[in-house]
Each structure stands twice: as C-alpha cells, then as structure tokens.
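Data first, discussion second: the structure below is written as structure tokens.
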Amino acid sequence: MACVTAFTLLTPPQYEATAEVMLSRRNAKVTTTDNVVSALPADSSAVDTEVEILKSPQLAKSVVRALRLQNDPEFQPRKRPETDAKAIDAAVERVRNHLTVSRSGLTYVMDVNFTSREPAKAAAIANTFARLYLAQQVDDKVKITQNAADWLSGQLNLMRRQVTADESAVQQFKIANNLMSSEGTTLTEQELSSYNQSLAQAKTSVAEDAARLDTARRQLAHGSTGDDVGESLNSPTIQKLREQRAEVSRRVAALRTNFQEEYPELKKARNELADYDSQIQAEIGRIISNLDAKAQVSRQRAAAVAATVGGAKGQLASNNRASVQLGELERNAQASRAVYESYLARYKETSSQVGLAEADARLVSAALTPLKPSSPNLPLNLSLGLALATAAGLAAVGVAQMAESGVGTAADVEKRFGLRYLGAIPSLHSVAKRRGLSPTDYIVEHPLSGFSEAYRSVVASILHGGDSAVKVVAVTSALPGEGKTTTSVCLARAAALQGHRVVVVDCDLRRRTLTRLLPHTPELGLLELLENPNLLSQAIVPDSLTSADILPLGDAPPTLADVFGSPAMDRLLGVLRSRYDLVVLDTPPLAPVADSRVLAQKADFTAVVARWRSTPYQAIQAALQLLSGSDVALGGMVLNQVDLQEQMRNGYGDLAYYFSTYGGYYIENGRGRGE
C-alpha cells in the first residue's frame with residue numbers, strides 16, 4: 001500500500017488523447033475491373049491484424065521522423081545516443097511504450113491512444129499515427145499496383161515475341177509442306193475437288209461415247225443399213241446424200257414406168273442410186289469409226305484425269321499428315337495469342353488503377369487535446385493498492401499455512417496421527433531470562449521454571465496417564481536432530497528431582513550422543529554389560545546434578561550383531577526394572593536405523609519426539625508406519641522446541657496459547673513472576 005501511494009504521488013501527470021480509425025467495408029468502385037490489391041475482409045482477424053500494424057515499429061518510426069520526436073527530451077534517455085539513427089530508434093521504443101491501440105468491442109473501430117506529459121503533444125502524436133496509417137495503406141496499394149503493372153509490361157514484351165515466333169512458325173510450316181489455303185481449304189484440296197469433277201465428266205463422256213458406239217454396232221449387227229444409227233441421222237452429209245438419192249430414186253421410178261430395165265437412162269439412174277447408197281454407207285462407216293475414235297479419246301482422257309486425281313490424293317494424304325503438326329503449331333500460336341491478349345487487357349486495367357488507390361480505413365474522430373490528466377488516478381490507485389495489499393496479505397497467510405508441513409498443536413497430534421499428546425517442551429530461548437545454560441542444566445538450576453514444569457508434565461503423562469504401570473520408556477524420533485537425547489536426559493532429571501529412581505540408557509550405537517555428554521568416555525558400557533551382567537554397578541555412571549543414573553556406551557566399537565533383540569538385553573531390562581522406578585531408553589531415530597523398532601517392542605511406553613513446526617508430517621507418518629506392524633506400546637508424542645512467543649500469537653486452541661495467562665505461576669531465578 002505504501003509503495004502504491006508513493007508511486008501515485010511521485011508519478012508526473014500524463015495526458016491521454018484518442019483518435020478513432022474504422023475499417024471501411026464500402027469502397028468506391030470507379031471501374032468494373034478487379035483491383036490488384038483486394039479490400040480487407042470484414043472479419044475479426046483482419047481488425048486484429050490492423051491493430052498490430054498500428055503498433056508496429058515501422059509506423060512508429062514514420063511518426064518519429066514526421067514530428068522529429070528524436071529531438072524531444074520526453075522520448076530520449078538521459079544520455080542522448082551518439083548518432084541520429086540510434087536517437088530515432090530510442091525515440092521509437094519510447095513512443096511505442098506510450099502508445100496503446102485497441103479494438104472497440106466487436107466493432108470495426110480501432111482506438112489509437114497516446115499518453116504524454118503535454119496535452120497538445122498527445123493529441124498531435126495520436127492524430128499523426130492515424131494519418132500516417134491511412135497514408136501507408138494508400139502508398140502500399142500504389143506500390144503494389146505499380147509493381148504489378150511493371151511486371152505485366154515485362155511479361156507482355158516476352159509474350160509479344162513469343163506470339164510472333166509461334167505465328168511465323170505456322171506460316172513457314174504451311175509453305176514448306178504446301179499447306180497454303182484459300183477460303184478455308186488448302187490448294188491441294190481445291191485441285192483435288194476440281195480433278196474429281198473433271199474425272200466425273202470424263203467418265204460420263206466415256207460412258208456416253210461407248211454407249212453410242214455399242215448402239216451403232218448392235219444396229220449394224222442386226223442388219224441395219226446404218227440409216228437408223230443416231231449419229232447418221234444427225235449427219236448433214238448423209239442427209240444431203242439421202243436427199244440426192246431420193247431425187248434419183250424418184251427419177252428411177254419414173255423411168256421404170258415408161259421404160260424397160262435396159263433403158264440407158266434407167267441404167268444410168270440405177271447406177272447413180274447405187275453410187276449414192278455406197279456414199280451413204282461409206283459415210284456411215286466413217287461415223288462409226290469416228291464414234292470409236294471418240295470413245296478411245298474419252299477413255300484416254302478419263303485415265304489421264306484419274307492419274308492426276310491419284311497424284312492429288314497422295315499429295316493430300318501427305319498434307320493431312322503434315323496438318324497434325326500444323327494443328328499443334330496453330331494451337332500453340334492461338335494459346336500464346338490468347339495469353340498475350342489477356343495480359344494486355346490486365347495491363348491496361350492495372351495501369352488505370354494506379355491513380356485510383358484508396359485506404360481501407362477512414363478517420364472517424366480525430367484526437368482532441370485532453371483537458372485533464374489521465375494518470376495517475378489517485379482514487380483508483382489507492383483502491384487498487386488497498387485491494388492488492390489485502391490480497392497479498394491473505395495470500396501470504398495462505399501460502400504460509402500451506403507451506404507449514406510440521407506439527408504445531410495438540411490437535412494436530414491427535415487428528416493427524418491418532419496419538420496421545422504428551423506435552424510441549426518450549427525452546428529455552430523463548431522462556432528463559434538467563435541465557436548461557438544448556439537445557440539439561442537449566443532444568444536443574446531452575447526447577448520451578450516453566451521449562452522444568454513442561455518436562456514434569458511429560459513425566460506425569462507417561463507415568464500416570466495410562467491404565468498399566470510404566471517403567472521402561474523408549475524415547476525416539478522420526479529423523480535425527482529432533483532433540484531426542486536432550487529430552488531423554490531432561491525427563492530423567494525431572495523424574496529424579498521428583499524423587500524417582502531413574503536410569504538413562506544410551507541405546508544409539510552410532511551417534512552415542514548421551515555418552516558424549518559425560519566428562520570422560522567410560523571403558524565399560526551397555527555392550528560390555530550385555531556380555532557380563534555382573535558389571536552393572538561398574539558400568540553405571542551417577543548423574544553429577546541429580547540422583548539419576550546413566551548407563552552409557554563404552555569404548556567398544558559398533559557391532560552389527562542384534563544386541564537389542566538378544567535374551568541378554570531382556571535380562572538386563574529385567575534387572576533395571578527391579579532397581580529403578582523409571583528406565584529411559586535413548587534410542588536412535590526410526591527412519592535410518594532399525595534398533596528403535598526392536599527396543600520399542602521391549603518398552604512399556606514409546607514416546608515419539610517431533611520438533612515443533614519443523615519435522616515434516618510425511619516423515620512422522622512414515623516413522624509411525626514402521627511401528628504399526630509391531631507389538632509396540634505407542635504411548636504418544638512430545639512436541640519439542642516450541643517457540644512460546646509465536647505459539648501465543650498463532651497457536652489458538654493450544655495450551656501454550658494461554659502461556660501469558662498462567663506463566664505467573666512459574667518461578668525463575670528464585671523469584672516468582674506473580675499471580
């Protein structure tokens with residue numbers, strides 16, 4: 001909250017100006033042709049894309065150069081860059097930091113917001129962004145259209161040469177293969193058609209001449225004199241001869257009427273008549289010969305025409321074979337011309353569009369000079385700071401609560417593990433006024449203190465909290481460093497101060513922490529005693545401050561033998577039960593060593609020591625599972641090193657929470673704290 005308040009009061013005022021730009025869905029359609037650059041689609045992705053373009057570094061650089069913002073101290077770092085290019089880049093970065101472009105809801109309107117220390121400058125820069133954005137759209141369209149026109153022009157030159165080459169190849173192929181045509185057909189086809197007509201006429205003439213000749217010959221063969229032959233009937237010579245013969249024939253007939261056959265005039269007339277008949281027959285013979293010659297000529301002419309037709313057909317077949325390749329060449333030429341004409345039309349359309357480019361957006365509202373600063377917003381910032389401070393505090397509490405994996409109260413012991421809560425041992429620094437003493441010495445030096453009373457409470461819970469009598473107590477923990485040995489010694493001294501006969505046995509073969517508390521390492525100890533029970537009185541070390549005894553570990557090296565599960569250990573515990581009121585076994589931690597599980601089975605009561613709010617819940621649960629399958633008298637749990645000052649603040653429901661109320665009953669330094 002303090003940071004937000006300081007930030008709000010120290011931040012210089014900023015003014016925000018907004019220009020509104022809208023993507024236009026309606027564009028002027030001057031020509032009927034399609035534009036080279038299509039209009040932007042009317043969808044959300046297009047609007048979002050244009051928002052990013054408005055925020056682009058390139059547009060920001062154009063604004064910086066247009067307004068010369070590289071020389072404005074507001075948009076330059078304290079140390080001005082060495083070159084103008086670097087100054088422009090620095091100004092661009094700062095201008096973009098002051099720029100905000102957003103879409104107005106689901107509309108096509110984009111808000112261009114700019115903040116500055118000066119109101120007029122904010123409006124000018126916002127309007128410049130909008131203006132240059134629209135100008136950039138027009139410039140981009142003009143450049144793209146001009147580039148397209150230039151490209152089309154280059155393609156047209158190439159295609160024009162291609163069309164010329166393809167059409168020239170067609171004409172050259174026609175000339176080379178005699179495929180010249182007129183009115184849609186080749187010259188060979190026209191000649192063949194003419195030859196076919198001539199051949200047909202020739203065949204008709206042959207048929208007519210042959211028919212006339214055959215008719216005349218059949219008539220002569222059937223005894224005709226040739227008078228009825230069609231050609232003779234039409235012959236002027238024969239007609240004249242027949243007229244002269246007819247006149248002679250009339251004269252002969254007249255003479256026969258008046259004269260005898262021997263009459264000279266009659267003979268002369270008959271001779272003239274025979275002469276005319278001979279001439280007529282000779283003429284008929286010539287006609288028949290002429291018909292035969294004419295038929296021969298017709299047949300020869302028909303044969304010649306047929307030969308010409310055959311040659312023309314061969315030429316036509318050759319032309320047809322060449323026409324296949326000619327068709328391919330013509331199709332190539334047509335395709336080249338079609339592409340050329342389409343490109344030519346598109347080039348003309350594109351060239352006409354260069355001067356018709358328009359922006360796809362328009363300025364809806366220019367930015368006005370703001371009259372009051374937009375930031376800092378004091379009420380909003382303070383409200384937000386208060387909300388964030390509250391949320392952060394609650395989150396910190398929640399995180400601390402969730403991160404706390406250890407056991408903190410009696411309720412945690414009973415609910416989480418289902419164990420009896422034996423008591424809480426406070427950390428010495430949280431209750432003692434005199435510092436410098438160890439916990440094991442402090443309990444003797446200040447027997448009426450709250451620290452000593454905590455151990456007496458645990459002793460009472462162990463000895464008098466159950467139905468059966470307890471003599472052997474195994475003190476263990478889940479992990480090393482929980483204060484297990486200190487707890488064992490303090491429990492023994494607290495019980496001894498109450499008049500109990502107590503012995504503490506060091507059962508940690510590896511660490512030997514209890515043995516190290518003695519001023520000198522003894523030669524005899526637990527391991528030697530198990531081999532020779534008669535050495536008990538020599539192995540016992542009296543406590544220097546109380547009546548308690550200590551059974552340490554001697555200087556014998558650690559062994560892998562199962563010494564705690566042996567009958568010798570059972571006999572030793574039997575002897576100790578008979579001599580002492582309370583036997584405290586200082587055992588190793590449960591997690592790393594198996595000795596504690598063996599000793600827990602032999603004890604009347606097993607107390608698990610856990611460090612307050614430190615030992616992980618999962619570690620304790622895993623350690624208890626190691627004991628759950630054995631015949632173990634699991635008595636309860638002791639919370640060690642409890643910070644009473646913190647517990648009084650946060651441990652609501654636990655007895656330590658009320659320590660400030662009942663702490664006056666304890667006496668420290670020989671004086672009571674009052675009731």
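In the structure tokens, chains take letters A, B, ... by order of appearance, with residues numbered from 1 within each chain and ligands from 1 in the order shown.
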
Checklist entry - Using only C-alpha atoms, which residues sit within 7 Å of Asn127 (chain A) once same-chain residues fewer than 6 positions away are excluded, as a PyMOL selection string? => result chain A and resi 19+366-367

Checklist entry - Within 12 Å of Leu599 (chain A), counting only C-alpha atoms, which residues qualify if same-chain residues fewer than 6 places away don't, as JSON, numbers by chain? => result {"A": [472, 473, 474, 475, 476, 505, 506, 507, 508, 562, 563, 564, 565, 566, 569, 570, 573, 584, 585, 586, 587, 588, 589, 590, 593, 605, 606, 607, 627, 630, 631, 632, 633, 634]}

Selected residues, N, CA and C atoms, written as a tab-separated table (two decimals), in the first residue's frame, please.
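Saved to out15.tsv:
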```
chain	number	residue	atom	x	y	z
A	472	VAL	N	9.65	-48.86	31.75
A	472	VAL	CA	10.63	-48.71	30.67
A	472	VAL	C	10.01	-47.82	29.58
A	473	VAL	N	10.67	-46.70	29.31
A	473	VAL	CA	10.18	-45.73	28.31
A	473	VAL	C	11.23	-45.61	27.21
A	474	ALA	N	10.81	-45.88	25.97
A	474	ALA	CA	11.69	-45.70	24.81
A	474	ALA	C	11.41	-44.33	24.20
A	475	VAL	N	12.45	-43.51	24.14
A	475	VAL	CA	12.32	-42.17	23.56
A	475	VAL	C	12.96	-42.20	22.17
A	476	THR	N	12.19	-41.91	21.13
A	476	THR	CA	12.69	-41.96	19.75
A	476	THR	C	12.15	-40.77	18.96
A	505	VAL	N	19.55	-44.90	29.56
A	505	VAL	CA	20.40	-45.86	28.85
A	505	VAL	C	20.66	-45.32	27.45
A	506	ASP	N	21.91	-45.23	27.07
A	506	ASP	CA	22.30	-44.79	25.72
A	506	ASP	C	22.21	-45.98	24.78
A	507	CYS	N	21.19	-45.99	23.95
A	507	CYS	CA	20.98	-47.10	23.01
A	507	CYS	C	21.31	-46.72	21.56
A	508	ASP	N	21.89	-45.56	21.36
A	508	ASP	CA	22.26	-45.12	19.99
A	508	ASP	C	23.69	-45.54	19.74
A	562	ASP	N	22.69	-58.31	16.55
A	562	ASP	CA	21.38	-57.87	17.05
A	562	ASP	C	21.42	-57.89	18.58
A	563	VAL	N	22.10	-56.90	19.14
A	563	VAL	CA	22.30	-56.90	20.59
A	563	VAL	C	21.01	-56.58	21.33
A	564	PHE	N	20.13	-55.73	20.74
A	564	PHE	CA	18.90	-55.33	21.45
A	564	PHE	C	17.82	-56.39	21.36
A	565	GLY	N	17.92	-57.27	20.41
A	565	GLY	CA	16.93	-58.35	20.32
A	565	GLY	C	17.37	-59.62	21.01
A	566	SER	N	18.52	-59.57	21.68
A	566	SER	CA	19.06	-60.77	22.31
A	566	SER	C	18.42	-60.99	23.69
A	569	MET	N	19.67	-58.69	26.47
A	569	MET	CA	19.03	-57.39	26.63
A	569	MET	C	17.77	-57.52	27.47
A	570	ASP	N	17.04	-58.60	27.26
A	570	ASP	CA	15.83	-58.82	28.06
A	570	ASP	C	16.18	-58.99	29.55
A	573	LEU	N	17.13	-55.55	30.98
A	573	LEU	CA	15.95	-54.72	31.25
A	573	LEU	C	15.21	-55.22	32.49
A	584	VAL	N	14.75	-44.94	31.15
A	584	VAL	CA	14.60	-44.16	29.91
A	584	VAL	C	15.61	-44.67	28.89
A	585	LEU	N	15.10	-45.17	27.75
A	585	LEU	CA	15.96	-45.67	26.68
A	585	LEU	C	16.10	-44.59	25.61
A	586	ASP	N	17.31	-44.06	25.46
A	586	ASP	CA	17.59	-43.07	24.41
A	586	ASP	C	17.92	-43.83	23.13
A	587	THR	N	16.92	-43.99	22.26
A	587	THR	CA	17.06	-44.84	21.06
A	587	THR	C	17.41	-44.00	19.84
A	588	PRO	N	17.89	-44.65	18.76
A	588	PRO	CA	18.19	-43.91	17.52
A	588	PRO	C	16.89	-43.47	16.82
A	589	PRO	N	16.99	-42.62	15.80
A	589	PRO	CA	15.79	-42.24	15.02
A	589	PRO	C	15.22	-43.45	14.29
A	590	LEU	N	13.93	-43.40	14.03
A	590	LEU	CA	13.25	-44.53	13.40
A	590	LEU	C	13.59	-44.66	11.92
A	593	VAL	N	17.54	-46.17	11.25
A	593	VAL	CA	18.05	-47.32	12.00
A	593	VAL	C	16.88	-48.19	12.45
A	605	PHE	N	6.42	-48.19	27.20
A	605	PHE	CA	5.86	-46.94	26.68
A	605	PHE	C	6.86	-46.36	25.67
A	606	THR	N	6.37	-46.00	24.49
A	606	THR	CA	7.23	-45.39	23.47
A	606	THR	C	6.77	-43.96	23.24
A	607	ALA	N	7.67	-43.02	23.44
A	607	ALA	CA	7.38	-41.60	23.23
A	607	ALA	C	8.13	-41.13	21.99
A	627	LEU	N	6.32	-48.58	13.02
A	627	LEU	CA	5.97	-49.17	14.32
A	627	LEU	C	4.60	-49.82	14.33
A	630	SER	N	4.29	-53.75	14.49
A	630	SER	CA	4.95	-54.45	15.61
A	630	SER	C	4.09	-54.35	16.86
A	631	ASP	N	4.42	-55.21	17.81
A	631	ASP	CA	3.71	-55.18	19.11
A	631	ASP	C	4.37	-54.11	19.97
A	632	VAL	N	4.01	-52.86	19.66
A	632	VAL	CA	4.64	-51.72	20.29
A	632	VAL	C	3.60	-50.95	21.08
A	633	ALA	N	3.95	-50.59	22.30
A	633	ALA	CA	3.07	-49.75	23.13
A	633	ALA	C	3.37	-48.30	22.79
A	634	LEU	N	2.74	-47.80	21.73
A	634	LEU	CA	2.99	-46.43	21.26
A	634	LEU	C	2.20	-45.48	22.16
```

Next on the checklist: Taking 3 positions as the minimum chain separation for residues in the same chain, which residues sit within 6 Å of region 113-123 of chain A when counting only C-alpha atoms? Answer as an MDAnalysis selection string.
Outcome noted: chainID A and resid 14:18 98:100 126 367:370

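Taking CA of Pro616 (chain A) and CA of Gly406 (chain A) as the two end points, the separation is 4.7 Å.
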
Checklist entry - If you run DSSP on this backbone, which residues of region 237-450 of chain A come out as alpha helix (DSSP H), and could you give them as an NGL selection string? => result :A and (237-258 or 264-353 or 378-403 or 410-412 or 428-431 or 439-445 or 450)

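When the distance limit is 10 Å and only C-alpha atoms are what count, the residues near Ala411 (chain A), minus those fewer than 4 positions from it on the same chain, are Val407, Lys415, Arg416, Phe417, Gly418, Leu419, Arg420, Tyr421, Gly653 and Asp654 of chain A.
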
Next on the checklist: Measuring between only C-alpha atoms, which one of A:Leu23, A:Cys490, A:Val431, A:Ala307 shows the shortest distance to Met648 (chain A)?
Outcome noted: A:Val431

Checklist entry - What's the 12 Å shell around Arg161 (chain A), counting only C-alpha atoms, without same-chain residues fewer than 6 positions away, as a ChimeraX atom specification? => result /A:154-155,167-168,333,336-337,340

For the residues in the current selection, export C-alpha atoms as a CSV table (one decimal), in the first residue's frame.
```
chain,number,residue,atom,x,y,z
A,154,GLY,CA,7.8,-7.0,-68.9
A,155,GLN,CA,5.7,-10.1,-69.5
A,167,GLU,CA,2.7,-17.5,-85.8
A,168,SER,CA,5.8,-17.3,-88.1
A,333,ALA,CA,0.1,-19.8,-81.6
A,336,SER,CA,0.2,-17.6,-77.0
A,337,ARG,CA,-2.0,-15.0,-78.5
A,340,TYR,CA,-0.9,-12.2,-74.6
```

Item to check | Which of region 502-620 of chain A fall in strand (DSSP E or B), as a list in words | outcome: Val502, Val503, Val504, Val505, Asp506, Val541, Pro542, Asp549, Ile550, Leu551, Leu582, Val583, Val584, Leu585, Asp586, Phe605, Thr606, Ala607, Val608, Val609, Ala610 and Arg611 of chain A

Contact check, region 542-657 of chain A to region 437-458 of chain A, at most 9 Å, counting only C-alpha atoms, closest pairs as JSON lines:
```
{"residue": "A:Leu545", "atom": "CA", "partner": "A:Val444", "partner_atom": "CA", "distance": 7.1}
{"residue": "A:Thr546", "atom": "CA", "partner": "A:Val444", "partner_atom": "CA", "distance": 7.7}
{"residue": "A:Val638", "atom": "CA", "partner": "A:Val458", "partner_atom": "CA", "distance": 7.7}
```

Checklist entry - Taking into account only C-alpha atoms, which residue in the set A:Asp214, A:Glu328, A:Glu20, A:Asp412 is nearest to Asp111 (chain A)? => result A:Glu20

Checklist entry - Out of A:Ala548, A:Ala335, A:Ala130, A:Val397, which residue has the shortest atom-to-atom distance to Val51 (chain A) when counting only C-alpha atoms? => result A:Ala130
